[in-house]
Each structure stands twice: as C-alpha cells, then as structure tokens.
Amino acid sequence: MFKSTFFIFILAVVSGCSTIDPPENIPSFISINEIDLQINNSNEGTNLHAITDAWVYINGNLEGVYELPAEKIPLHYTGNQDLKIYAGIKKNGVSGDRDIYDFFTSYTQNIELFPDSIIPINPIVEYEQDLYIWIEDFEDPSTKFESTSISDTTIYIIDNPLADLIEGDAGAISMKSSNYFCELRTDELNFNSFPKNINTPCYMELNYKCNHEFTVGILHKYGTLPYSKEALITLSPTEDENGLAQWNKTYLYLSDVTNFFP
C-alpha cells in the first residue's frame, strides 16, 4: 500500500512537470500611421477620405483589424512574408459597423519580418478601375439638386467665407423659423443607375458640416405611383466644444435602400 501511494505521487509530479508550456515565440511588429488615397484623374473627385482602419493580411490570412494610427501591430511570423492591407471605413458613420471599402484597391508588399522589431508601413490605395462615379462638387454655376414642391427652402452655392468651405465651393442649406423644411432631388438620369442586386455595393461619399441633424435617403417611384421616401440615416450636428460646425466625411451605404425597390 505504501509503495503504491509513493508510486502514484511520483507519477503526479512527473506529469505536472511535463505540462509546463514552452516559451512563446517573440512576435514581429509593423506600424501603420495612416492609409493615403491617391487620385489618378478628376473623375475620381479628390483625395479627401475617412479611412479609419487597416485590415491586415499575411499570406492571405486575416491577422486583425486595427484602428489608425496603429503603432504596434503584432505578427507571429518571421522572414519574407506577403503583406496585404485593405482600407477600412465606418459604414454609415457607425463605429460598430466597420468594413473594408469595396471601391479602394488593396496595398501589397513583400516584407521581411524580424522578431521584436517594428517596421513602419505607409500604405497607399487607389480607386478600383471601371467604377461608375457621379459627383456633385458645387463647382458649376448651378447645383445638380433642386428642392421639391413641398420644400420651403433650397440649396445654393457659396464661395465664402473660406472658413465655411472645403476644397473649393460648397452647397449650403440655410434654415430658420420660417424656412424649416428642405427636401432635395435630382432629375439627372445617370443618378438613377442604382444597383438592384443586394450583393452589389453602392455608396455615397458625403463631405458635410451641420449644426442641426438632417436625414439622407432616397425618393423612389414605381410606375404611376407617387414618390415614396425611404430614409437611410440621420446625421448629427458636427459642432465642436465651442459650438462651431466642423467638416466631416462619411460613407453612406445606399444599397441598404436601393436594393429593395424596382
């Protein structure tokens, strides 16, 4: 009985020693301060963007999604590896709904990784080729939008003061107690070319500043029926701590509304 007990005790000690975890390999690191957007022609608008995240892949495997700037991204690899980075956005401006932006190219690089070292990466992305892009930049004498019959105010073009502008002229809507409802539409036929397939993405890139909330959506019509309104999102004021409205950029996913109407 004594021998049996002693033997079991020795087995327990040996078994316990054998389960000690081996030391983990020291990871390599990369840092990404920001992702830049390169514009190749005027039909793509400007390089102003709101890229918030980096989706990092090594050899085709997703290693993680990192909010920018990301000073230290761990990668459990060494030696030459294929690095691919996609630009990420806040879909509809919502922090909890982040996604790769479908219309930007990825950034690729063959990189040599070293344990416990940080390699800075400076990704540059472009718009994908063969995109359909419709732009209203308010640089023409008149806007591509007009107020509907139920509006009591409209949109107009401003070229001053400079503090209210961004990259040239801007479209402005002024509201007051006697002008408190504005609804805009465009008759441009090209603006009707929305995808009807739920798997086809369609975004509105919107640069805006406001001191009152406003709603973006679509007016849709089928046959002889009157237009119906379908809201997408209500945007909040962009005021800072001093009550001054600041410019913001957002990516509105129009497919959430256009895919469901004929």
# chains A, B, ... in the order shown; residues from 1 in each chain; ligands from 1
call {"tool": "residues_around", "arguments": {"residues": "A:His76", "least_positions_apart": "6", "cutoff": "8 Å", "atoms": "only C-alpha atoms", "output": "list of chain:residue names"}}
result
A:Asn25, A:Ile26, A:Pro27, A:Ser28
call {"tool": "residues_around", "arguments": {"residues": "stretch 78-85 of chain A", "least_positions_apart": "2", "cutoff": "7 Å", "atoms": "only C-alpha atoms", "output": "list in words"}}
result
Ser28, Ala54, Trp55, Val56, Tyr57, Ile58, Asn59, Ala87, Ser106, Tyr107, Thr108, Gln109, Asn110, Ile111, Glu112, Leu113, Phe114 and Pro115 of chain A
call {"tool": "select_by_dssp", "arguments": {"residues": "stretch 4-113 of chain A", "states": "alpha helix (DSSP H)", "output": "PyMOL selection string"}}
result
chain A and resi 4-18
call {"tool": "write_last_selection", "arguments": {"atoms": "C-alpha atoms", "output": "PDB file, in the first residue's frame"}}
result
ATOM      1  CA  SER A   4       1.533   2.124  -4.441  1.00  0.00           C
ATOM      2  CA  THR A   5       0.935   5.509  -2.865  1.00  0.00           C
ATOM      3  CA  PHE A   6       4.532   6.577  -3.370  1.00  0.00           C
ATOM      4  CA  PHE A   7       4.457   5.462  -6.988  1.00  0.00           C
ATOM      5  CA  ILE A   8       1.289   7.471  -7.708  1.00  0.00           C
ATOM      6  CA  PHE A   9       2.850  10.531  -6.098  1.00  0.00           C
ATOM      7  CA  ILE A  10       5.911  10.297  -8.319  1.00  0.00           C
ATOM      8  CA  LEU A  11       3.701   9.961 -11.409  1.00  0.00           C
ATOM      9  CA  ALA A  12       1.808  13.082 -10.418  1.00  0.00           C
ATOM     10  CA  VAL A  13       4.995  15.098 -10.073  1.00  0.00           C
ATOM     11  CA  VAL A  14       6.373  13.906 -13.394  1.00  0.00           C
ATOM     12  CA  SER A  15       3.044  14.548 -15.121  1.00  0.00           C
ATOM     13  CA  GLY A  16       2.886  18.056 -13.659  1.00  0.00           C
ATOM     14  CA  CYS A  17       6.358  18.916 -14.902  1.00  0.00           C
ATOM     15  CA  SER A  18       5.605  17.734 -18.420  1.00  0.00           C
TER      16      SER A  18
END
call {"tool": "residues_around", "arguments": {"residues": "A:Leu68", "least_positions_apart": "4", "cutoff": "9 Å", "atoms": "only C-alpha atoms", "output": "list in words"}}
result
Ile32, Asn33, Glu34, Ile35, Ile51, Thr52, Asp53 and Ala54 of chain A
call {"tool": "write_last_selection", "arguments": {"atoms": "C-alpha atoms", "output": "compact mmCIF listing (two decimals), in the first residue's frame"}}
result
# COMPACT_ATOMS: atom_id res chain seq x y z
CA ILE A 32 0.71 52.00 -39.73
CA ASN A 33 0.13 55.68 -39.06
CA GLU A 34 -2.41 56.23 -41.84
CA ILE A 35 -3.53 54.97 -45.23
CA ILE A 51 -10.17 55.75 -43.79
CA THR A 52 -10.25 54.70 -40.16
CA ASP A 53 -8.95 51.11 -40.08
CA ALA A 54 -6.34 48.81 -41.56
call {"tool": "residues_around", "arguments": {"residues": "A:Tyr222", "least_positions_apart": "5", "cutoff": "10 Å", "atoms": "only C-alpha atoms", "output": "list in words"}}
result
Tyr227, Ser228, Phe261 and Pro262 of chain A
call {"tool": "write_last_selection", "arguments": {"atoms": "C-alpha atoms", "output": "PDB file, in the first residue's frame"}}
result
ATOM      1  CA  TYR A 227     -42.787  59.177 -54.909  1.00  0.00           C
ATOM      2  CA  SER A 228     -42.149  57.486 -51.591  1.00  0.00           C
ATOM      3  CA  PHE A 261     -37.135  48.814 -54.844  1.00  0.00           C
ATOM      4  CA  PRO A 262     -37.752  48.255 -58.555  1.00  0.00           C
TER       5      PRO A 262
END
call {"tool": "residues_around", "arguments": {"residues": "A:Cys182", "least_positions_apart": "4", "cutoff": "8 Å", "atoms": "only C-alpha atoms", "output": "PyMOL selection string"}}
result
chain A and resi 147-148+150-154+173
call {"tool": "write_last_selection", "arguments": {"atoms": "N, CA and C atoms", "output": "PDB file, in the first residue's frame"}}
result
ATOM      1  N   SER A 147     -34.931  71.774 -55.036  1.00  0.00           N
ATOM      2  CA  SER A 147     -35.895  71.485 -53.975  1.00  0.00           C
ATOM      3  C   SER A 147     -37.185  70.929 -54.565  1.00  0.00           C
ATOM      4  N   THR A 148     -37.856  70.093 -53.797  1.00  0.00           N
ATOM      5  CA  THR A 148     -39.135  69.543 -54.232  1.00  0.00           C
ATOM      6  C   THR A 148     -40.244  70.565 -53.947  1.00  0.00           C
ATOM      7  N   ILE A 150     -42.644  70.552 -51.956  1.00  0.00           N
ATOM      8  CA  ILE A 150     -43.072  70.718 -50.566  1.00  0.00           C
ATOM      9  C   ILE A 150     -42.004  71.413 -49.715  1.00  0.00           C
ATOM     10  N   SER A 151     -40.861  71.769 -50.320  1.00  0.00           N
ATOM     11  CA  SER A 151     -39.806  72.460 -49.581  1.00  0.00           C
ATOM     12  C   SER A 151     -40.118  73.943 -49.457  1.00  0.00           C
ATOM     13  N   ASP A 152     -39.672  74.549 -48.365  1.00  0.00           N
ATOM     14  CA  ASP A 152     -39.803  75.995 -48.242  1.00  0.00           C
ATOM     15  C   ASP A 152     -38.440  76.684 -48.248  1.00  0.00           C
ATOM     16  N   THR A 153     -37.386  75.927 -48.570  1.00  0.00           N
ATOM     17  CA  THR A 153     -36.063  76.494 -48.798  1.00  0.00           C
ATOM     18  C   THR A 153     -35.324  75.572 -49.750  1.00  0.00           C
ATOM     19  N   THR A 154     -34.134  75.960 -50.167  1.00  0.00           N
ATOM     20  CA  THR A 154     -33.427  75.167 -51.164  1.00  0.00           C
ATOM     21  C   THR A 154     -31.933  75.180 -50.882  1.00  0.00           C
ATOM     22  N   ILE A 173     -27.434  74.935 -47.211  1.00  0.00           N
ATOM     23  CA  ILE A 173     -28.866  74.998 -46.927  1.00  0.00           C
ATOM     24  C   ILE A 173     -29.028  75.804 -45.640  1.00  0.00           C
TER      25      ILE A 173
END
